[in-house]
>>> print(open('model_0.txt').read())   # compact mmCIF, C-alpha atoms
# COMPACT_ATOMS: atom_id res chain seq x y z
CA MET Q 1 0.00 0.00 0.00
CA ALA Q 2 1.59 3.28 -1.11
CA LYS Q 3 2.15 5.83 1.64
CA LYS Q 4 0.21 9.06 1.28
CA ILE Q 5 2.45 12.07 0.66
CA ALA Q 6 1.55 15.72 1.16
CA VAL Q 7 3.81 18.34 -0.43
CA LEU Q 8 3.90 21.79 1.19
CA VAL Q 9 4.72 24.61 -1.23
CA SER Q 10 5.00 28.39 -1.44
CA GLY Q 11 6.07 29.17 -5.00
CA GLY Q 12 6.76 27.78 -8.45
CA GLY Q 13 6.83 24.14 -7.47
CA THR Q 14 9.85 22.87 -9.44
CA ASN Q 15 10.67 20.34 -6.70
CA LEU Q 16 7.01 19.32 -6.63
CA GLN Q 17 7.21 18.74 -10.40
CA ALA Q 18 10.29 16.56 -9.92
CA LEU Q 19 8.34 14.46 -7.41
CA ILE Q 20 5.28 14.22 -9.69
CA ASP Q 21 7.50 13.18 -12.61
CA ALA Q 22 9.22 10.52 -10.46
CA GLN Q 23 5.97 8.78 -9.50
CA GLY Q 24 5.83 5.29 -10.93
CA SER Q 25 9.57 5.23 -11.70
CA VAL Q 26 11.74 6.36 -8.77
CA LEU Q 27 8.87 6.96 -6.37
CA ASN Q 28 6.80 3.79 -5.99
CA SER Q 29 6.29 3.31 -2.23
CA GLY Q 30 4.52 6.65 -1.87
CA LYS Q 31 1.92 8.64 -3.78
CA ILE Q 32 1.35 12.41 -3.69
CA THR Q 33 -2.28 12.77 -2.63
CA LEU Q 34 -2.28 16.40 -1.47
CA VAL Q 35 -0.47 19.69 -2.17
CA VAL Q 36 -0.85 22.46 0.42
CA ALA Q 37 0.25 26.05 -0.29
CA ASN Q 38 0.66 29.00 2.07
CA ASN Q 39 0.35 31.31 -0.93
CA ALA Q 40 -2.87 31.36 -2.96
CA ASN Q 41 -0.95 32.40 -6.10
CA ALA Q 42 1.70 29.65 -5.94
CA TYR Q 43 2.19 28.20 -9.41
CA ALA Q 44 2.77 24.85 -7.67
CA LEU Q 45 -1.03 24.66 -7.23
CA GLU Q 46 -1.42 24.67 -11.03
CA ARG Q 47 1.14 21.88 -11.32
CA ALA Q 48 -0.81 19.83 -8.77
CA LYS Q 49 -4.14 20.42 -10.56
CA LYS Q 50 -2.63 19.37 -13.90
CA ALA Q 51 -1.48 16.14 -12.27
CA GLY Q 52 -4.92 15.53 -10.74
CA ILE Q 53 -3.72 16.04 -7.15
CA ASP Q 54 -5.98 17.58 -4.49
CA THR Q 55 -4.92 21.01 -3.24
CA ALA Q 56 -5.50 23.21 -0.21
CA VAL Q 57 -4.45 26.74 0.68
CA VAL Q 58 -3.74 27.83 4.26
CA LEU Q 59 -2.85 31.50 4.79
CA LYS Q 60 -1.15 32.52 8.01
CA LYS Q 61 -2.66 36.02 7.93
CA GLU Q 62 -6.16 34.51 7.78
CA CYS Q 63 -5.39 32.16 10.65
CA GLY Q 64 -4.11 35.04 12.79
CA SER Q 65 -1.14 33.31 14.42
CA GLN Q 66 1.53 30.69 13.80
CA GLU Q 67 -0.21 28.35 16.24
CA ALA Q 68 -3.57 28.66 14.48
CA PHE Q 69 -1.85 28.26 11.10
CA GLU Q 70 -0.12 25.03 12.22
CA THR Q 71 -3.34 23.72 13.81
CA LYS Q 72 -5.17 24.21 10.50
CA LEU Q 73 -2.33 22.51 8.61
CA MET Q 74 -2.41 19.53 11.00
CA GLU Q 75 -6.20 19.24 10.66
CA ILE Q 76 -5.89 19.09 6.87
CA LEU Q 77 -2.95 16.66 6.89
CA ASP Q 78 -4.43 14.33 9.51
CA GLY Q 79 -7.88 14.56 7.93
CA ASN Q 80 -6.36 13.29 4.67
CA GLY Q 81 -4.50 10.42 6.35
CA ILE Q 82 -1.10 11.77 5.29
CA ASP Q 83 1.91 9.57 6.14
CA ILE Q 84 4.80 11.69 4.86
CA ILE Q 85 5.15 15.47 4.47
CA ILE Q 86 7.63 16.97 2.01
CA LEU Q 87 8.56 20.65 2.20
CA ALA Q 88 9.28 21.79 -1.36
CA GLY Q 89 10.21 25.46 -1.23
CA PHE Q 90 7.86 25.99 1.73
CA MET Q 91 8.74 29.45 3.07
CA THR Q 92 7.57 29.05 6.66
CA ILE Q 93 9.58 27.81 9.63
CA LEU Q 94 7.53 25.23 11.52
CA THR Q 95 7.61 25.08 15.31
CA GLU Q 96 8.39 22.09 17.50
CA ARG Q 97 4.67 21.70 18.20
CA PHE Q 98 4.17 20.88 14.51
CA THR Q 99 7.39 18.94 13.82
CA SER Q 100 7.06 16.73 16.92
CA HIS Q 101 3.56 15.74 15.75
CA TYR Q 102 5.22 14.06 12.71
CA PRO Q 103 8.56 12.67 13.98
CA LYS Q 104 10.80 11.50 11.12
CA ARG Q 105 7.90 12.03 8.73
CA ILE Q 106 8.72 15.54 7.42
CA LEU Q 107 11.38 15.89 4.71
CA ASN Q 108 13.01 19.03 3.38
CA VAL Q 109 15.51 19.65 0.59
CA HIS Q 110 18.16 22.30 1.23
CA PRO Q 111 20.38 23.65 -1.59
CA SER Q 112 23.76 23.09 0.06
CA LEU Q 113 25.73 20.30 1.70
CA ILE Q 114 24.60 20.68 5.31
CA PRO Q 115 26.23 21.77 7.67
CA ALA Q 116 27.52 24.38 5.21
CA PHE Q 117 25.38 27.44 4.40
CA CYS Q 118 22.30 26.41 6.34
CA GLY Q 119 20.14 27.46 9.27
CA ALA Q 120 17.91 30.47 9.87
CA GLY Q 121 17.96 32.93 6.97
CA TYR Q 122 19.68 30.57 4.55
CA TYR Q 123 17.23 29.89 1.75
CA GLY Q 124 16.82 30.66 -1.93
CA LEU Q 125 19.58 32.55 -3.72
CA ARG Q 126 21.31 33.55 -0.48
CA VAL Q 127 22.65 30.00 -0.04
CA HIS Q 128 24.35 30.11 -3.45
CA GLU Q 129 25.59 33.69 -2.97
CA GLU Q 130 27.31 32.67 0.27
CA ALA Q 131 28.82 29.53 -1.27
CA LEU Q 132 30.33 31.57 -4.11
CA LYS Q 133 31.49 34.31 -1.74
CA TYR Q 134 33.22 31.73 0.45
CA GLY Q 135 34.93 30.20 -2.56
CA VAL Q 136 33.93 26.57 -1.99
CA LYS Q 137 34.65 24.25 -4.93
CA VAL Q 138 31.82 21.82 -4.22
CA THR Q 139 28.27 22.50 -3.13
CA GLY Q 140 25.11 20.42 -3.62
CA ALA Q 141 21.85 19.54 -1.97
CA THR Q 142 20.78 17.78 1.22
CA VAL Q 143 17.50 16.05 2.02
CA HIS Q 144 16.94 15.90 5.76
CA PHE Q 145 14.25 15.22 8.31
CA VAL Q 146 12.69 18.37 9.72
CA ASN Q 147 12.77 19.18 13.41
CA GLU Q 148 12.37 22.43 15.33
CA ILE Q 149 15.88 23.64 14.34
CA PRO Q 150 16.07 25.14 10.82
CA ASP Q 151 18.04 22.63 8.68
CA GLY Q 152 18.90 20.78 11.90
CA GLY Q 153 17.26 17.39 11.39
CA GLU Q 154 18.96 14.09 10.59
CA ILE Q 155 20.41 13.91 7.08
CA ILE Q 156 18.81 11.34 4.74
CA ALA Q 157 20.81 11.93 1.55
CA GLN Q 158 23.28 14.34 -0.04
CA LYS Q 159 24.52 14.91 -3.58
CA ALA Q 160 27.49 17.04 -4.58
CA VAL Q 161 27.59 19.58 -7.41
CA TYR Q 162 30.84 21.16 -8.59
CA ILE Q 163 31.17 24.90 -8.82
CA GLU Q 164 32.36 26.09 -12.24
CA ASP Q 165 34.22 29.20 -13.38
CA GLY Q 166 31.82 32.02 -14.19
CA ASP Q 167 29.04 30.73 -11.92
CA THR Q 168 26.59 33.34 -10.72
CA PRO Q 169 24.18 32.58 -7.86
CA GLU Q 170 21.39 32.15 -10.43
CA ILE Q 171 23.38 29.74 -12.64
CA LEU Q 172 24.51 27.77 -9.61
CA GLN Q 173 20.98 27.63 -8.21
CA ARG Q 174 19.71 26.14 -11.46
CA ARG Q 175 22.51 23.57 -11.65
CA VAL Q 176 22.03 22.47 -8.03
CA MET Q 177 18.32 21.98 -8.77
CA GLU Q 178 18.92 19.99 -11.97
CA GLN Q 179 21.90 17.91 -10.80
CA ALA Q 180 20.98 17.40 -7.16
CA GLU Q 181 17.62 18.53 -5.78
CA TRP Q 182 15.36 17.08 -8.48
CA ILE Q 183 17.20 13.74 -8.36
CA LEU Q 184 17.75 13.48 -4.62
CA LEU Q 185 14.30 14.47 -3.37
CA PRO Q 186 12.33 11.68 -5.14
CA GLN Q 187 15.01 9.12 -4.12
CA ALA Q 188 14.84 10.21 -0.47
CA ALA Q 189 11.03 10.24 -0.53
CA GLU Q 190 11.05 6.67 -1.88
CA LYS Q 191 13.49 5.55 0.82
CA VAL Q 192 11.46 7.08 3.66
CA CYS Q 193 8.15 5.72 2.30
CA ALA Q 194 9.66 2.24 1.81
CA ASP Q 195 11.18 2.26 5.33
CA LEU Q 196 7.83 3.34 6.79
CA GLY Q 197 6.16 0.46 4.98
CA HIS Q 198 8.49 -2.01 6.71
CA LEU Q 199 7.74 -0.78 10.24
>>> encode(input="model_0.txt", output="C-alpha cells")
Amino acid sequence: MAKKIAVLVSGGGTNLQALIDAQGSVLNSGKITLVVANNANAYALERAKKAGIDTAVVLKKECGSQEAFETKLMEILDGNGIDIIILAGFMTILTERFTSHYPKRILNVHPSLIPAFCGAGYYGLRVHEEALKYGVKVTGATVHFVNEIPDGGEIIAQKAVYIEDGDTPEILQRRVMEQAEWILLPQAAEKVCADLGHL
C-alpha cells in the first residue's frame, strides 16, 4: 500500500514537479495525494491540478497566528491520512509543536551540503551567494528530516555539485536543482516511504 504524501509549497513548485515526474519510476512506495500552499498564487497549485492532485491553501494572515496556522495545517494533513510530508520550497519555519507531531515524517531539501550554508535565513539565492562568496569548490543539496531547528534534522541523503568558473548565484541555483535537488528528493522520498512500509 503506497504511503500518502503531502507536499507543502509556497512558489513555483519545481521540486514538486520533480516528485510528480518521479511517480511510478523512482517513487513507488509513496503517492502524492495532497499539495498544500501557504500562498494562494503559488504556481505549484497549477502543477498539482494538472497532475490531478488535491490542493488546499492555508494563509497565516487569515489564521491570525503561527499556532492557528499550524493547527489548520495539521487538521488538513491528519484529515487526509497523510503519512509523509515533504517541504518543497515551503517558506515558513515550523515550530516544535508541529514537527514533533510528525517525527521523522517531514522531509526538506536544502540547496547546500549541510552543515555548510544552512540554518535560519539561509534559503533561496542567499545559499548560493554565500557559497560563491566563500569560494567553496563543491556544493550540492541535502534532504533531511525536519525538526524544530532550521536545517537541523537528521540527514537522509546528499549529492554534490561542482562549482564552475563564471558561476553566478542564479546559474549555480539552477545547476544544483537539476543535478541534485530534483534527483535526490524523489530518491529520499522513496526511501522514507519504503522504510515506513516495513515498520
>>> closest_residue(input="model_0.txt", among="Q:Cys193, Q:Ile183, Q:Leu172, Q:Val136", to="Ile32 in chain Q", atoms="only C-alpha atoms")
Q:Cys193
>>> residues_around(input="model_0.txt", residues="range 128-133 of chain Q", least_positions_apart="6", cutoff="12 Å", atoms="all atoms listed in the file", output="PyMOL selection string")
chain Q and resi 110-114+116-118+121-122+139-141+161-177
>>> write_last_selection(input="model_0.txt", atoms="C-alpha atoms", output="CSV table (one decimal), keeping the file's coordinate frame")
chain,number,residue,atom,x,y,z
Q,110,HIS,CA,18.2,22.3,1.2
Q,111,PRO,CA,20.4,23.6,-1.6
Q,112,SER,CA,23.8,23.1,0.1
Q,113,LEU,CA,25.7,20.3,1.7
Q,114,ILE,CA,24.6,20.7,5.3
Q,116,ALA,CA,27.5,24.4,5.2
Q,117,PHE,CA,25.4,27.4,4.4
Q,118,CYS,CA,22.3,26.4,6.3
Q,121,GLY,CA,18.0,32.9,7.0
Q,122,TYR,CA,19.7,30.6,4.6
Q,139,THR,CA,28.3,22.5,-3.1
Q,140,GLY,CA,25.1,20.4,-3.6
Q,141,ALA,CA,21.8,19.5,-2.0
Q,161,VAL,CA,27.6,19.6,-7.4
Q,162,TYR,CA,30.8,21.2,-8.6
Q,163,ILE,CA,31.2,24.9,-8.8
Q,164,GLU,CA,32.4,26.1,-12.2
Q,165,ASP,CA,34.2,29.2,-13.4
Q,166,GLY,CA,31.8,32.0,-14.2
Q,167,ASP,CA,29.0,30.7,-11.9
Q,168,THR,CA,26.6,33.3,-10.7
Q,169,PRO,CA,24.2,32.6,-7.9
Q,170,GLU,CA,21.4,32.2,-10.4
Q,171,ILE,CA,23.4,29.7,-12.6
Q,172,LEU,CA,24.5,27.8,-9.6
Q,173,GLN,CA,21.0,27.6,-8.2
Q,174,ARG,CA,19.7,26.1,-11.5
Q,175,ARG,CA,22.5,23.6,-11.6
Q,176,VAL,CA,22.0,22.5,-8.0
Q,177,MET,CA,18.3,22.0,-8.8
>>> closest_residue(input="model_0.txt", among="Q:Trp182, Q:Leu45, Q:Val192, Q:Leu73", to="Phe98 in chain Q", atoms="only C-alpha atoms")
Q:Leu73
>>> closest_residue(input="model_0.txt", among="Q:Val143, Q:Ala6, Q:Leu27, Q:Ala48", to="Ile76 in chain Q", atoms="all atoms listed in the file")
Q:Ala6
>>> closest_residue(input="model_0.txt", among="Q:Val127, Q:Leu196, Q:Ala56, Q:Met1", to="Lys31 in chain Q", atoms="all atoms listed in the file")
Q:Met1
>>> decode(input="model_0.txt", residues="range 51-132 of chain Q", atoms="C-alpha atoms", output="mmCIF file, in the first residue's frame")
data_model
loop_
_atom_site.group_PDB
_atom_site.id
_atom_site.type_symbol
_atom_site.label_atom_id
_atom_site.label_comp_id
_atom_site.auth_asym_id
_atom_site.auth_seq_id
_atom_site.Cartn_x
_atom_site.Cartn_y
_atom_site.Cartn_z
ATOM 1 C CA ALA Q 51 -1.484 16.140 -12.267
ATOM 2 C CA GLY Q 52 -4.925 15.533 -10.737
ATOM 3 C CA ILE Q 53 -3.716 16.039 -7.151
ATOM 4 C CA ASP Q 54 -5.980 17.579 -4.492
ATOM 5 C CA THR Q 55 -4.915 21.010 -3.243
ATOM 6 C CA ALA Q 56 -5.502 23.208 -0.214
ATOM 7 C CA VAL Q 57 -4.446 26.742 0.676
ATOM 8 C CA VAL Q 58 -3.736 27.827 4.261
ATOM 9 C CA LEU Q 59 -2.854 31.500 4.785
ATOM 10 C CA LYS Q 60 -1.150 32.521 8.007
ATOM 11 C CA LYS Q 61 -2.658 36.019 7.931
ATOM 12 C CA GLU Q 62 -6.164 34.509 7.783
ATOM 13 C CA CYS Q 63 -5.389 32.157 10.654
ATOM 14 C CA GLY Q 64 -4.111 35.038 12.791
ATOM 15 C CA SER Q 65 -1.145 33.308 14.422
ATOM 16 C CA GLN Q 66 1.534 30.694 13.804
ATOM 17 C CA GLU Q 67 -0.208 28.351 16.236
ATOM 18 C CA ALA Q 68 -3.574 28.659 14.482
ATOM 19 C CA PHE Q 69 -1.848 28.255 11.099
ATOM 20 C CA GLU Q 70 -0.120 25.034 12.220
ATOM 21 C CA THR Q 71 -3.336 23.719 13.806
ATOM 22 C CA LYS Q 72 -5.168 24.213 10.500
ATOM 23 C CA LEU Q 73 -2.327 22.509 8.614
ATOM 24 C CA MET Q 74 -2.411 19.533 10.997
ATOM 25 C CA GLU Q 75 -6.199 19.236 10.660
ATOM 26 C CA ILE Q 76 -5.891 19.085 6.868
ATOM 27 C CA LEU Q 77 -2.948 16.658 6.892
ATOM 28 C CA ASP Q 78 -4.430 14.331 9.513
ATOM 29 C CA GLY Q 79 -7.879 14.555 7.925
ATOM 30 C CA ASN Q 80 -6.363 13.290 4.671
ATOM 31 C CA GLY Q 81 -4.500 10.423 6.351
ATOM 32 C CA ILE Q 82 -1.100 11.765 5.295
ATOM 33 C CA ASP Q 83 1.909 9.570 6.141
ATOM 34 C CA ILE Q 84 4.801 11.686 4.859
ATOM 35 C CA ILE Q 85 5.150 15.468 4.469
ATOM 36 C CA ILE Q 86 7.628 16.973 2.008
ATOM 37 C CA LEU Q 87 8.564 20.647 2.198
ATOM 38 C CA ALA Q 88 9.277 21.794 -1.358
ATOM 39 C CA GLY Q 89 10.207 25.460 -1.225
ATOM 40 C CA PHE Q 90 7.863 25.988 1.734
ATOM 41 C CA MET Q 91 8.744 29.449 3.073
ATOM 42 C CA THR Q 92 7.568 29.045 6.658
ATOM 43 C CA ILE Q 93 9.582 27.813 9.627
ATOM 44 C CA LEU Q 94 7.533 25.233 11.518
ATOM 45 C CA THR Q 95 7.606 25.078 15.312
ATOM 46 C CA GLU Q 96 8.387 22.092 17.504
ATOM 47 C CA ARG Q 97 4.665 21.704 18.197
ATOM 48 C CA PHE Q 98 4.169 20.878 14.508
ATOM 49 C CA THR Q 99 7.385 18.943 13.821
ATOM 50 C CA SER Q 100 7.063 16.733 16.920
ATOM 51 C CA HIS Q 101 3.556 15.735 15.753
ATOM 52 C CA TYR Q 102 5.225 14.063 12.714
ATOM 53 C CA PRO Q 103 8.560 12.673 13.979
ATOM 54 C CA LYS Q 104 10.804 11.502 11.125
ATOM 55 C CA ARG Q 105 7.905 12.035 8.729
ATOM 56 C CA ILE Q 106 8.716 15.542 7.421
ATOM 57 C CA LEU Q 107 11.376 15.889 4.706
ATOM 58 C CA ASN Q 108 13.011 19.032 3.380
ATOM 59 C CA VAL Q 109 15.508 19.647 0.595
ATOM 60 C CA HIS Q 110 18.162 22.297 1.227
ATOM 61 C CA PRO Q 111 20.380 23.651 -1.593
ATOM 62 C CA SER Q 112 23.761 23.090 0.062
ATOM 63 C CA LEU Q 113 25.734 20.302 1.697
ATOM 64 C CA ILE Q 114 24.603 20.677 5.312
ATOM 65 C CA PRO Q 115 26.229 21.766 7.667
ATOM 66 C CA ALA Q 116 27.521 24.382 5.213
ATOM 67 C CA PHE Q 117 25.379 27.436 4.398
ATOM 68 C CA CYS Q 118 22.304 26.409 6.339
ATOM 69 C CA GLY Q 119 20.145 27.464 9.272
ATOM 70 C CA ALA Q 120 17.914 30.472 9.869
ATOM 71 C CA GLY Q 121 17.955 32.928 6.973
ATOM 72 C CA TYR Q 122 19.684 30.574 4.548
ATOM 73 C CA TYR Q 123 17.229 29.892 1.754
ATOM 74 C CA GLY Q 124 16.818 30.660 -1.932
ATOM 75 C CA LEU Q 125 19.577 32.546 -3.715
ATOM 76 C CA ARG Q 126 21.310 33.554 -0.483
ATOM 77 C CA VAL Q 127 22.646 30.000 -0.039
ATOM 78 C CA HIS Q 128 24.352 30.115 -3.454
ATOM 79 C CA GLU Q 129 25.587 33.694 -2.967
ATOM 80 C CA GLU Q 130 27.307 32.671 0.272
ATOM 81 C CA ALA Q 131 28.820 29.527 -1.271
ATOM 82 C CA LEU Q 132 30.330 31.565 -4.109
#
